[in-house]
Amino acid sequence: MSDLLYSEEEEALRAAVRDLLTDHCDAAGVIARIETDTPHDLSLWKSLAEGMGLAGLLVPEDRGGQGATHRETAVVLEELGRAVAPVPYLTSAVVATEALLACAEPGDLLAELASGRRIGALAVGLHTAPRAAFGTVRLEGGALYGELTGIADAAVADVLLVPADDGGLYAVEAGAVTVVPQTSLDLTRPLARVVLDGAPGRRTGEAEPAVRRALRAGAGLLATEQLGSAEWSLQETVRHLKDRTQFNRPVGGFQALKHRLAQLWLETVNLRAAARNAADALSTGEDADLAVTVAQSYAAPVAVRAAEEALQLHGGIGMTWEHPVHLHLKRAKADSIAFGTAGAHREALAELVDLRAP
């Protein structure tokens with residue numbers, strides 16, 4: 001069994017990422033950005049990907065990456081979750097990258113995603129669970145036809161990895177498709193409909209194993225992003241309740257609120273254990289399906305409840321657009337159906353451990 005505690009290197013990585021986000025990803029800036037047509041912060045992405053080399057953590061060094069593991073990648077996502085950073089890290093550096101790692105002929109694309117020079121997106125709906133069916137487009141005369149919906153971060157992708165009905169996964173340049181924005185609850189991770197009308201594509205490998213691997217890694221590491229958001233909600237709420245007074249005493253001194261915060265702390269600590277276990281299992285390959293399913297069964301309800309408690313316990317200020325708690329609530333609600341709902345993961349878990357309902 002691996003040690004799930006954070007190593008010195010992981011803590012140093014966390015500190016570096018948090019420093020960058022503190023300087024370049026303040027809540028007011030994120031809120032201002034999502035009010036525009038370009039919610040993604042591509043200068044922050046450039047700093048993370050090219051400046052710090054974090055886009056290539058999952059890619060071996062001989063293929064142009066950093067040769068790290070899912071554990072280090074999870075640390076980055078935990079900090080991005082705390083800041084609700086509007087960058088395509090999960091979609092490009094994790095999901096699209098994992099899909100290419102499963103492909104026989106990714107070409108130069110894997111190294112380009114690892115360096116951060118290009119952004120990739122897997123053209124599978126964000127709601128798709130790791131073991132669920134996924135949509136495909138039609139391959140006809142060497143060109144691709146059809147449309148796929150719910151594609152996260154398609155608006156900033158340079159290349160899309162598209163599953164086709166011949167069983168192949170095709171790399172399609174963003175300029176060859178039409179990206180139509182969809183209404184998204186989480187404005188920091190917008191969704192889009194991707195329309196292909198005779199788009200040329202280069203076959204990189206088999207779609208089935210690539211998509212399965214990508215969605216499993218996405219689901220497992222999403223739990224750590226949800227952990228980061230839940231931690232922020234808990235810490236900010238505790239801080240607010242210490243500062244705010246009522247009847248000449250801190251609001252946090254009231255026993256009913258202490259109980260609510262203690263319960264939330266317990267749930268957050270449990271989420272950290274489940275998320276760390278999923279990241280570790282993905283890095284070693286041991287019982288990864290089980291660990292990811294356990295983490296996703298638990299993560300969404302905790303992240304949503306943490307954000308809801310933060311909203312309520314901040315009182316009137318929590319209801320305002322200027323306060324960042326709404327960013328966390330929308331991200332948590334959107335994440336709760338990303339890569340499958342908690343209920344779908346519990347059903348999958350029952351199958352995995354042979355405890356199906358009668």
# chains A, B, ... in the order shown; residues from 1 in each chain; ligands from 1
>>> select_by_dssp(residues="range 84-233 of chain A", states="strand (DSSP E or B)", output="PyMOL selection string")
chain A and resi 120-122+137-140+143-152+159-164+168-173+178-181+191-200+202-206
>>> select_by_dssp(residues="range 126-276 of chain A", states="helix (DSSP H, G or I)", output="MDAnalysis selection string")
chainID A and resid 154:156 174:176 207:243 251:253 255:276
>>> atom_distance(atom1="CA of Val76 in chain A", atom2="CA of Trp45 in chain A")
12.3 Å
>>> residues_around(residues="range 7-12 of chain A", least_positions_apart="4", cutoff="9 Å", atoms="only C-alpha atoms", output="PyMOL selection string")
chain A and resi 3+16-17+71-72+75
>>> write_last_selection(atoms="N, CA and C atoms", output="PDB file, in the first residue's frame")
ATOM      1  N   ASP A   3       1.951   5.239   0.475  1.00  0.00           N
ATOM      2  CA  ASP A   3       1.731   6.287   1.460  1.00  0.00           C
ATOM      3  C   ASP A   3       0.909   7.384   0.783  1.00  0.00           C
ATOM      4  N   ALA A  16       4.069  26.303  -5.102  1.00  0.00           N
ATOM      5  CA  ALA A  16       4.377  27.046  -6.323  1.00  0.00           C
ATOM      6  C   ALA A  16       3.109  27.380  -7.103  1.00  0.00           C
ATOM      7  N   VAL A  17       2.212  26.390  -7.217  1.00  0.00           N
ATOM      8  CA  VAL A  17       0.961  26.621  -7.959  1.00  0.00           C
ATOM      9  C   VAL A  17       0.081  27.620  -7.215  1.00  0.00           C
ATOM     10  N   ARG A  71      -0.422  11.564  -9.062  1.00  0.00           N
ATOM     11  CA  ARG A  71      -0.394  12.205  -7.736  1.00  0.00           C
ATOM     12  C   ARG A  71      -0.011  13.675  -7.843  1.00  0.00           C
ATOM     13  N   GLU A  72       1.039  13.954  -8.615  1.00  0.00           N
ATOM     14  CA  GLU A  72       1.441  15.353  -8.799  1.00  0.00           C
ATOM     15  C   GLU A  72       0.370  16.138  -9.553  1.00  0.00           C
ATOM     16  N   VAL A  75      -2.329  17.228  -7.251  1.00  0.00           N
ATOM     17  CA  VAL A  75      -1.980  18.397  -6.424  1.00  0.00           C
ATOM     18  C   VAL A  75      -2.276  19.681  -7.183  1.00  0.00           C
TER      19      VAL A  75
END
>>> residues_around(residues="range 309-312 of chain A", least_positions_apart="3", cutoff="7 Å", atoms="only C-alpha atoms", output="compact mmCIF listing (two decimals) with all heavy atoms, in the first residue's frame")
# COMPACT_ATOMS: atom_id res chain seq x y z
N SER A 233 -14.27 26.25 0.56
CA SER A 233 -15.56 26.60 1.15
C SER A 233 -15.52 26.48 2.67
O SER A 233 -16.02 27.36 3.38
CB SER A 233 -16.66 25.67 0.59
OG SER A 233 -16.84 25.89 -0.80
N LEU A 234 -14.92 25.40 3.16
CA LEU A 234 -14.84 25.20 4.61
C LEU A 234 -13.98 26.27 5.27
O LEU A 234 -14.39 26.90 6.26
CB LEU A 234 -14.27 23.80 4.90
CG LEU A 234 -14.01 23.46 6.36
CD1 LEU A 234 -15.30 23.50 7.18
CD2 LEU A 234 -13.35 22.09 6.48
N THR A 237 -15.52 29.76 5.24
CA THR A 237 -16.67 29.85 6.13
C THR A 237 -16.22 29.95 7.59
O THR A 237 -16.74 30.77 8.36
CB THR A 237 -17.60 28.63 5.93
OG1 THR A 237 -17.96 28.55 4.55
CG2 THR A 237 -18.85 28.77 6.76
N ARG A 305 -22.34 20.21 -0.86
CA ARG A 305 -22.78 20.60 0.49
C ARG A 305 -21.85 21.66 1.08
O ARG A 305 -22.31 22.59 1.75
CB ARG A 305 -22.85 19.38 1.41
CG ARG A 305 -23.96 19.50 2.44
CD ARG A 305 -24.10 18.22 3.24
NE ARG A 305 -23.06 18.12 4.25
CZ ARG A 305 -23.07 18.82 5.39
NH1 ARG A 305 -24.04 19.67 5.63
NH2 ARG A 305 -22.10 18.66 6.27
N ALA A 306 -20.55 21.53 0.83
CA ALA A 306 -19.60 22.52 1.33
C ALA A 306 -19.91 23.91 0.77
O ALA A 306 -19.91 24.91 1.49
CB ALA A 306 -18.17 22.11 0.98
N GLY A 315 -24.28 34.38 5.06
CA GLY A 315 -25.39 35.33 5.18
C GLY A 315 -25.61 36.11 3.89
O GLY A 315 -25.38 35.61 2.79
N GLY A 318 -23.00 36.32 1.06
CA GLY A 318 -22.81 35.12 0.27
C GLY A 318 -23.71 35.06 -0.95
O GLY A 318 -23.43 34.34 -1.91
N MET A 319 -24.81 35.81 -0.91
CA MET A 319 -25.77 35.81 -2.02
C MET A 319 -25.38 36.79 -3.12
O MET A 319 -26.05 36.86 -4.15
CB MET A 319 -27.17 36.18 -1.51
CG MET A 319 -27.71 35.25 -0.44
SD MET A 319 -28.01 33.58 -1.05
CE MET A 319 -29.39 33.88 -2.14
N VAL A 325 -18.32 32.78 -3.59
CA VAL A 325 -18.93 31.50 -3.22
C VAL A 325 -19.81 30.95 -4.35
O VAL A 325 -19.91 29.73 -4.53
CB VAL A 325 -19.71 31.61 -1.89
CG1 VAL A 325 -20.98 32.42 -2.04
CG2 VAL A 325 -20.03 30.22 -1.34
>>> residues_around(residues="Cys25 in chain A", least_positions_apart="4", cutoff="9 Å", atoms="only C-alpha atoms", output="compact mmCIF listing (two decimals) with N, CA and C atoms, in the first residue's frame")
# COMPACT_ATOMS: atom_id res chain seq x y z
N LEU A 20 1.31 31.16 -7.72
CA LEU A 20 0.96 31.66 -9.06
C LEU A 20 -0.52 32.06 -9.10
N LEU A 21 -1.39 31.22 -8.54
CA LEU A 21 -2.82 31.51 -8.58
C LEU A 21 -3.18 32.70 -7.70
N GLY A 29 -11.08 38.82 -10.50
CA GLY A 29 -10.67 38.67 -11.90
C GLY A 29 -11.43 37.57 -12.61
N VAL A 30 -11.64 36.45 -11.89
CA VAL A 30 -12.39 35.33 -12.48
C VAL A 30 -13.83 35.75 -12.74
N ASP A 41 -8.79 31.95 -19.08
CA ASP A 41 -7.62 32.80 -18.83
C ASP A 41 -6.41 32.14 -19.49
N LEU A 44 -2.89 32.79 -17.92
CA LEU A 44 -2.64 31.92 -16.76
C LEU A 44 -2.31 30.51 -17.24
N ALA A 83 -9.16 27.71 -6.50
CA ALA A 83 -9.25 29.03 -7.15
C ALA A 83 -10.35 29.09 -8.21
N VAL A 84 -11.02 27.97 -8.48
CA VAL A 84 -11.96 27.85 -9.60
C VAL A 84 -11.32 28.48 -10.84
N ALA A 85 -10.10 28.07 -11.13
CA ALA A 85 -9.32 28.69 -12.21
C ALA A 85 -9.92 28.33 -13.58
N PRO A 86 -10.19 29.34 -14.41
CA PRO A 86 -10.79 29.07 -15.73
C PRO A 86 -9.73 28.71 -16.77
>>> closest_atom_pairs(of="range 84-201 of chain A", to="range 56-61 of chain A", cutoff="10 Å", atoms="only C-alpha atoms", output="Markdown table")
| residue | atom | partner | partner_atom | distance |
| --- | --- | --- | --- | --- |
| A:Ser92 | CA | A:Gly56 | CA | 9.8 |
| A:Ala93 | CA | A:Gly56 | CA | 6.6 |
| A:Val94 | CA | A:Leu58 | CA | 7.4 |
| A:Thr97 | CA | A:Leu58 | CA | 7.6 |
| A:Glu98 | CA | A:Leu58 | CA | 7.7 |
| A:Leu100 | CA | A:Val59 | CA | 9.7 |
| A:Leu101 | CA | A:Val59 | CA | 7.6 |
| A:Leu110 | CA | A:Val59 | CA | 7.8 |
| A:Ala111 | CA | A:Gly56 | CA | 7.9 |
| A:Glu112 | CA | A:Gly56 | CA | 9.1 |
| A:Leu113 | CA | A:Gly56 | CA | 7.1 |
| A:Ala114 | CA | A:Gly56 | CA | 3.7 |
| A:Ser115 | CA | A:Gly56 | CA | 6.1 |
| A:Gly116 | CA | A:Gly56 | CA | 7.6 |
>>> write_last_selection(atoms="N, CA, C and O atoms", output="PDB file, in the first residue's frame")
ATOM      1  N   SER A  92      -7.460  19.246 -21.117  1.00  0.00           N
ATOM      2  CA  SER A  92      -6.329  19.063 -22.043  1.00  0.00           C
ATOM      3  C   SER A  92      -5.196  18.245 -21.419  1.00  0.00           C
ATOM      4  O   SER A  92      -4.768  17.230 -21.976  1.00  0.00           O
ATOM      5  N   ALA A  93      -4.723  18.667 -20.239  1.00  0.00           N
ATOM      6  CA  ALA A  93      -3.553  18.016 -19.630  1.00  0.00           C
ATOM      7  C   ALA A  93      -3.873  16.669 -19.019  1.00  0.00           C
ATOM      8  O   ALA A  93      -2.972  15.863 -18.781  1.00  0.00           O
ATOM      9  N   VAL A  94      -5.158  16.394 -18.767  1.00  0.00           N
ATOM     10  CA  VAL A  94      -5.537  15.099 -18.204  1.00  0.00           C
ATOM     11  C   VAL A  94      -6.306  14.270 -19.234  1.00  0.00           C
ATOM     12  O   VAL A  94      -5.808  13.261 -19.728  1.00  0.00           O
ATOM     13  N   THR A  97      -4.889  14.229 -22.957  1.00  0.00           N
ATOM     14  CA  THR A  97      -3.552  13.635 -22.880  1.00  0.00           C
ATOM     15  C   THR A  97      -3.631  12.132 -22.614  1.00  0.00           C
ATOM     16  O   THR A  97      -2.931  11.336 -23.249  1.00  0.00           O
ATOM     17  N   GLU A  98      -4.489  11.730 -21.681  1.00  0.00           N
ATOM     18  CA  GLU A  98      -4.651  10.304 -21.388  1.00  0.00           C
ATOM     19  C   GLU A  98      -5.175   9.542 -22.613  1.00  0.00           C
ATOM     20  O   GLU A  98      -4.765   8.405 -22.865  1.00  0.00           O
ATOM     21  N   LEU A 100      -4.585  10.242 -25.726  1.00  0.00           N
ATOM     22  CA  LEU A 100      -3.461  10.088 -26.658  1.00  0.00           C
ATOM     23  C   LEU A 100      -2.439   9.078 -26.154  1.00  0.00           C
ATOM     24  O   LEU A 100      -1.815   8.369 -26.941  1.00  0.00           O
ATOM     25  N   LEU A 101      -2.266   8.989 -24.837  1.00  0.00           N
ATOM     26  CA  LEU A 101      -1.327   8.016 -24.278  1.00  0.00           C
ATOM     27  C   LEU A 101      -1.770   6.585 -24.574  1.00  0.00           C
ATOM     28  O   LEU A 101      -0.950   5.670 -24.597  1.00  0.00           O
ATOM     29  N   LEU A 110       0.956  14.576 -28.881  1.00  0.00           N
ATOM     30  CA  LEU A 110       1.157  14.340 -27.449  1.00  0.00           C
ATOM     31  C   LEU A 110       2.190  15.309 -26.882  1.00  0.00           C
ATOM     32  O   LEU A 110       1.979  15.926 -25.838  1.00  0.00           O
ATOM     33  N   ALA A 111       3.310  15.453 -27.593  1.00  0.00           N
ATOM     34  CA  ALA A 111       4.349  16.383 -27.138  1.00  0.00           C
ATOM     35  C   ALA A 111       3.862  17.829 -27.174  1.00  0.00           C
ATOM     36  O   ALA A 111       4.215  18.637 -26.313  1.00  0.00           O
ATOM     37  N   GLU A 112       3.024  18.153 -28.156  1.00  0.00           N
ATOM     38  CA  GLU A 112       2.501  19.522 -28.258  1.00  0.00           C
ATOM     39  C   GLU A 112       1.558  19.842 -27.100  1.00  0.00           C
ATOM     40  O   GLU A 112       1.582  20.945 -26.549  1.00  0.00           O
ATOM     41  N   LEU A 113       0.725  18.870 -26.712  1.00  0.00           N
ATOM     42  CA  LEU A 113      -0.146  19.083 -25.550  1.00  0.00           C
ATOM     43  C   LEU A 113       0.687  19.151 -24.268  1.00  0.00           C
ATOM     44  O   LEU A 113       0.405  19.953 -23.380  1.00  0.00           O
ATOM     45  N   ALA A 114       1.714  18.304 -24.185  1.00  0.00           N
ATOM     46  CA  ALA A 114       2.563  18.277 -22.988  1.00  0.00           C
ATOM     47  C   ALA A 114       3.298  19.596 -22.788  1.00  0.00           C
ATOM     48  O   ALA A 114       3.505  20.038 -21.658  1.00  0.00           O
ATOM     49  N   SER A 115       3.681  20.233 -23.886  1.00  0.00           N
ATOM     50  CA  SER A 115       4.412  21.499 -23.784  1.00  0.00           C
ATOM     51  C   SER A 115       3.478  22.678 -23.524  1.00  0.00           C
ATOM     52  O   SER A 115       3.917  23.755 -23.127  1.00  0.00           O
ATOM     53  N   GLY A 116       2.175  22.458 -23.765  1.00  0.00           N
ATOM     54  CA  GLY A 116       1.220  23.549 -23.601  1.00  0.00           C
ATOM     55  C   GLY A 116       1.098  24.430 -24.828  1.00  0.00           C
ATOM     56  O   GLY A 116       0.335  25.402 -24.826  1.00  0.00           O
TER      57      GLY A 116
END
>>> residues_around(residues="range 240-244 of chain A", least_positions_apart="3", cutoff="8 Å", atoms="only C-alpha atoms", output="list in words")
Glu236, Thr237, Pro250, Val251, Gly252, Gly253, Leu313 and His314 of chain A
>>> write_last_selection(atoms="all heavy atoms", output="PDB file, in the first residue's frame")
ATOM      1  N   GLU A 236     -13.000  29.287   4.212  1.00  0.00           N
ATOM      2  CA  GLU A 236     -13.543  30.646   4.125  1.00  0.00           C
ATOM      3  C   GLU A 236     -14.730  30.825   5.073  1.00  0.00           C
ATOM      4  O   GLU A 236     -14.920  31.902   5.645  1.00  0.00           O
ATOM      5  CB  GLU A 236     -13.961  30.958   2.691  1.00  0.00           C
ATOM      6  CG  GLU A 236     -12.797  31.307   1.772  1.00  0.00           C
ATOM      7  CD  GLU A 236     -12.038  32.530   2.263  1.00  0.00           C
ATOM      8  OE1 GLU A 236     -12.651  33.608   2.407  1.00  0.00           O
ATOM      9  OE2 GLU A 236     -10.824  32.407   2.521  1.00  0.00           O
ATOM     10  N   THR A 237     -15.521  29.761   5.238  1.00  0.00           N
ATOM     11  CA  THR A 237     -16.673  29.849   6.132  1.00  0.00           C
ATOM     12  C   THR A 237     -16.219  29.951   7.588  1.00  0.00           C
ATOM     13  O   THR A 237     -16.744  30.769   8.356  1.00  0.00           O
ATOM     14  CB  THR A 237     -17.597  28.634   5.934  1.00  0.00           C
ATOM     15  OG1 THR A 237     -17.957  28.549   4.548  1.00  0.00           O
ATOM     16  CG2 THR A 237     -18.854  28.766   6.764  1.00  0.00           C
ATOM     17  N   PRO A 250     -18.448  36.223  18.540  1.00  0.00           N
ATOM     18  CA  PRO A 250     -18.285  35.676  17.184  1.00  0.00           C
ATOM     19  C   PRO A 250     -19.395  34.677  16.865  1.00  0.00           C
ATOM     20  O   PRO A 250     -19.760  33.846  17.708  1.00  0.00           O
ATOM     21  CB  PRO A 250     -16.919  34.975  17.234  1.00  0.00           C
ATOM     22  CG  PRO A 250     -16.207  35.578  18.399  1.00  0.00           C
ATOM     23  CD  PRO A 250     -17.273  35.953  19.389  1.00  0.00           C
ATOM     24  N   VAL A 251     -19.920  34.765  15.670  1.00  0.00           N
ATOM     25  CA  VAL A 251     -20.995  33.856  15.251  1.00  0.00           C
ATOM     26  C   VAL A 251     -20.523  32.401  15.335  1.00  0.00           C
ATOM     27  O   VAL A 251     -21.286  31.491  15.676  1.00  0.00           O
ATOM     28  CB  VAL A 251     -21.454  34.192  13.810  1.00  0.00           C
ATOM     29  CG1 VAL A 251     -22.490  33.183  13.317  1.00  0.00           C
ATOM     30  CG2 VAL A 251     -22.033  35.592  13.770  1.00  0.00           C
ATOM     31  N   GLY A 252     -19.236  32.188  15.047  1.00  0.00           N
ATOM     32  CA  GLY A 252     -18.692  30.830  15.084  1.00  0.00           C
ATOM     33  C   GLY A 252     -18.705  30.206  16.472  1.00  0.00           C
ATOM     34  O   GLY A 252     -18.468  29.005  16.614  1.00  0.00           O
ATOM     35  N   GLY A 253     -18.976  30.989  17.494  1.00  0.00           N
ATOM     36  CA  GLY A 253     -19.031  30.455  18.852  1.00  0.00           C
ATOM     37  C   GLY A 253     -20.331  29.751  19.175  1.00  0.00           C
ATOM     38  O   GLY A 253     -20.426  29.055  20.184  1.00  0.00           O
ATOM     39  N   LEU A 313     -23.967  30.222   5.337  1.00  0.00           N
ATOM     40  CA  LEU A 313     -23.344  30.734   6.569  1.00  0.00           C
ATOM     41  C   LEU A 313     -22.623  32.064   6.348  1.00  0.00           C
ATOM     42  O   LEU A 313     -22.242  32.716   7.322  1.00  0.00           O
ATOM     43  CB  LEU A 313     -22.396  29.681   7.148  1.00  0.00           C
ATOM     44  CG  LEU A 313     -23.098  28.396   7.626  1.00  0.00           C
ATOM     45  CD1 LEU A 313     -22.092  27.382   8.146  1.00  0.00           C
ATOM     46  CD2 LEU A 313     -24.139  28.705   8.685  1.00  0.00           C
ATOM     47  N   HIS A 314     -22.437  32.457   5.091  1.00  0.00           N
ATOM     48  CA  HIS A 314     -21.925  33.807   4.838  1.00  0.00           C
ATOM     49  C   HIS A 314     -23.040  34.852   4.915  1.00  0.00           C
ATOM     50  O   HIS A 314     -22.762  36.052   4.808  1.00  0.00           O
ATOM     51  CB  HIS A 314     -21.243  33.885   3.462  1.00  0.00           C
ATOM     52  CG  HIS A 314     -19.793  33.536   3.496  1.00  0.00           C
ATOM     53  ND1 HIS A 314     -19.332  32.236   3.482  1.00  0.00           N
ATOM     54  CD2 HIS A 314     -18.686  34.318   3.552  1.00  0.00           C
ATOM     55  CE1 HIS A 314     -18.012  32.241   3.516  1.00  0.00           C
ATOM     56  NE2 HIS A 314     -17.590  33.482   3.566  1.00  0.00           N
TER      57      HIS A 314
END
>>> atom_distance(atom1="CA of Gly141 in chain A", atom2="CA of Thr204 in chain A")
17.5 Å
>>> atom_distance(atom1="CA of Arg117 in chain A", atom2="CA of Asp62 in chain A")
17.5 Å
>>> closest_residue(among="A:Val156, A:Leu77, A:Leu191, A:Leu42", to="Ala279 in chain A", atoms="only C-alpha atoms")
A:Leu77
>>> residues_around(residues="range 340-345 of chain A", least_positions_apart="4", cutoff="9 Å", atoms="only C-alpha atoms", output="list in words")
Leu126, His127, Thr128, Ala129, Pro130, Ala132, Ala219, Val292, Thr293, Val294, Ala295, Gln296, Ser297, Tyr298, Ala299, Ala300, Pro301, Asp335, Ser336, Leu349 and Ala350 of chain A
>>> write_last_selection(atoms="C-alpha atoms", output="CSV table (one decimal), in the first residue's frame")
chain,number,residue,atom,x,y,z
A,126,LEU,CA,-18.5,15.9,-20.0
A,127,HIS,CA,-21.4,14.1,-18.4
A,128,THR,CA,-20.2,10.7,-19.7
A,129,ALA,CA,-19.2,8.2,-17.0
A,130,PRO,CA,-16.1,6.1,-17.5
A,132,ALA,CA,-21.0,4.5,-20.2
A,219,ALA,CA,-13.2,11.1,-13.1
A,292,VAL,CA,-11.9,6.0,-8.9
A,293,THR,CA,-15.5,4.8,-8.5
A,294,VAL,CA,-15.3,5.1,-4.7
A,295,ALA,CA,-13.9,8.7,-4.9
A,296,GLN,CA,-16.6,9.8,-7.4
A,297,SER,CA,-19.4,8.1,-5.3
A,298,TYR,CA,-18.4,10.4,-2.4
A,299,ALA,CA,-17.0,13.6,-3.9
A,300,ALA,CA,-19.9,15.4,-5.5
A,301,PRO,CA,-22.3,15.4,-2.5
A,335,ASP,CA,-18.9,18.7,-11.4
A,336,SER,CA,-21.6,16.6,-9.7
A,349,LEU,CA,-19.2,0.2,-7.5
A,350,ALA,CA,-21.9,-2.4,-6.7
>>> closest_residue(among="A:Ala121, A:Leu261, A:Ala207, A:Val172", to="Thr136 in chain A", atoms="only C-alpha atoms")
A:Ala207
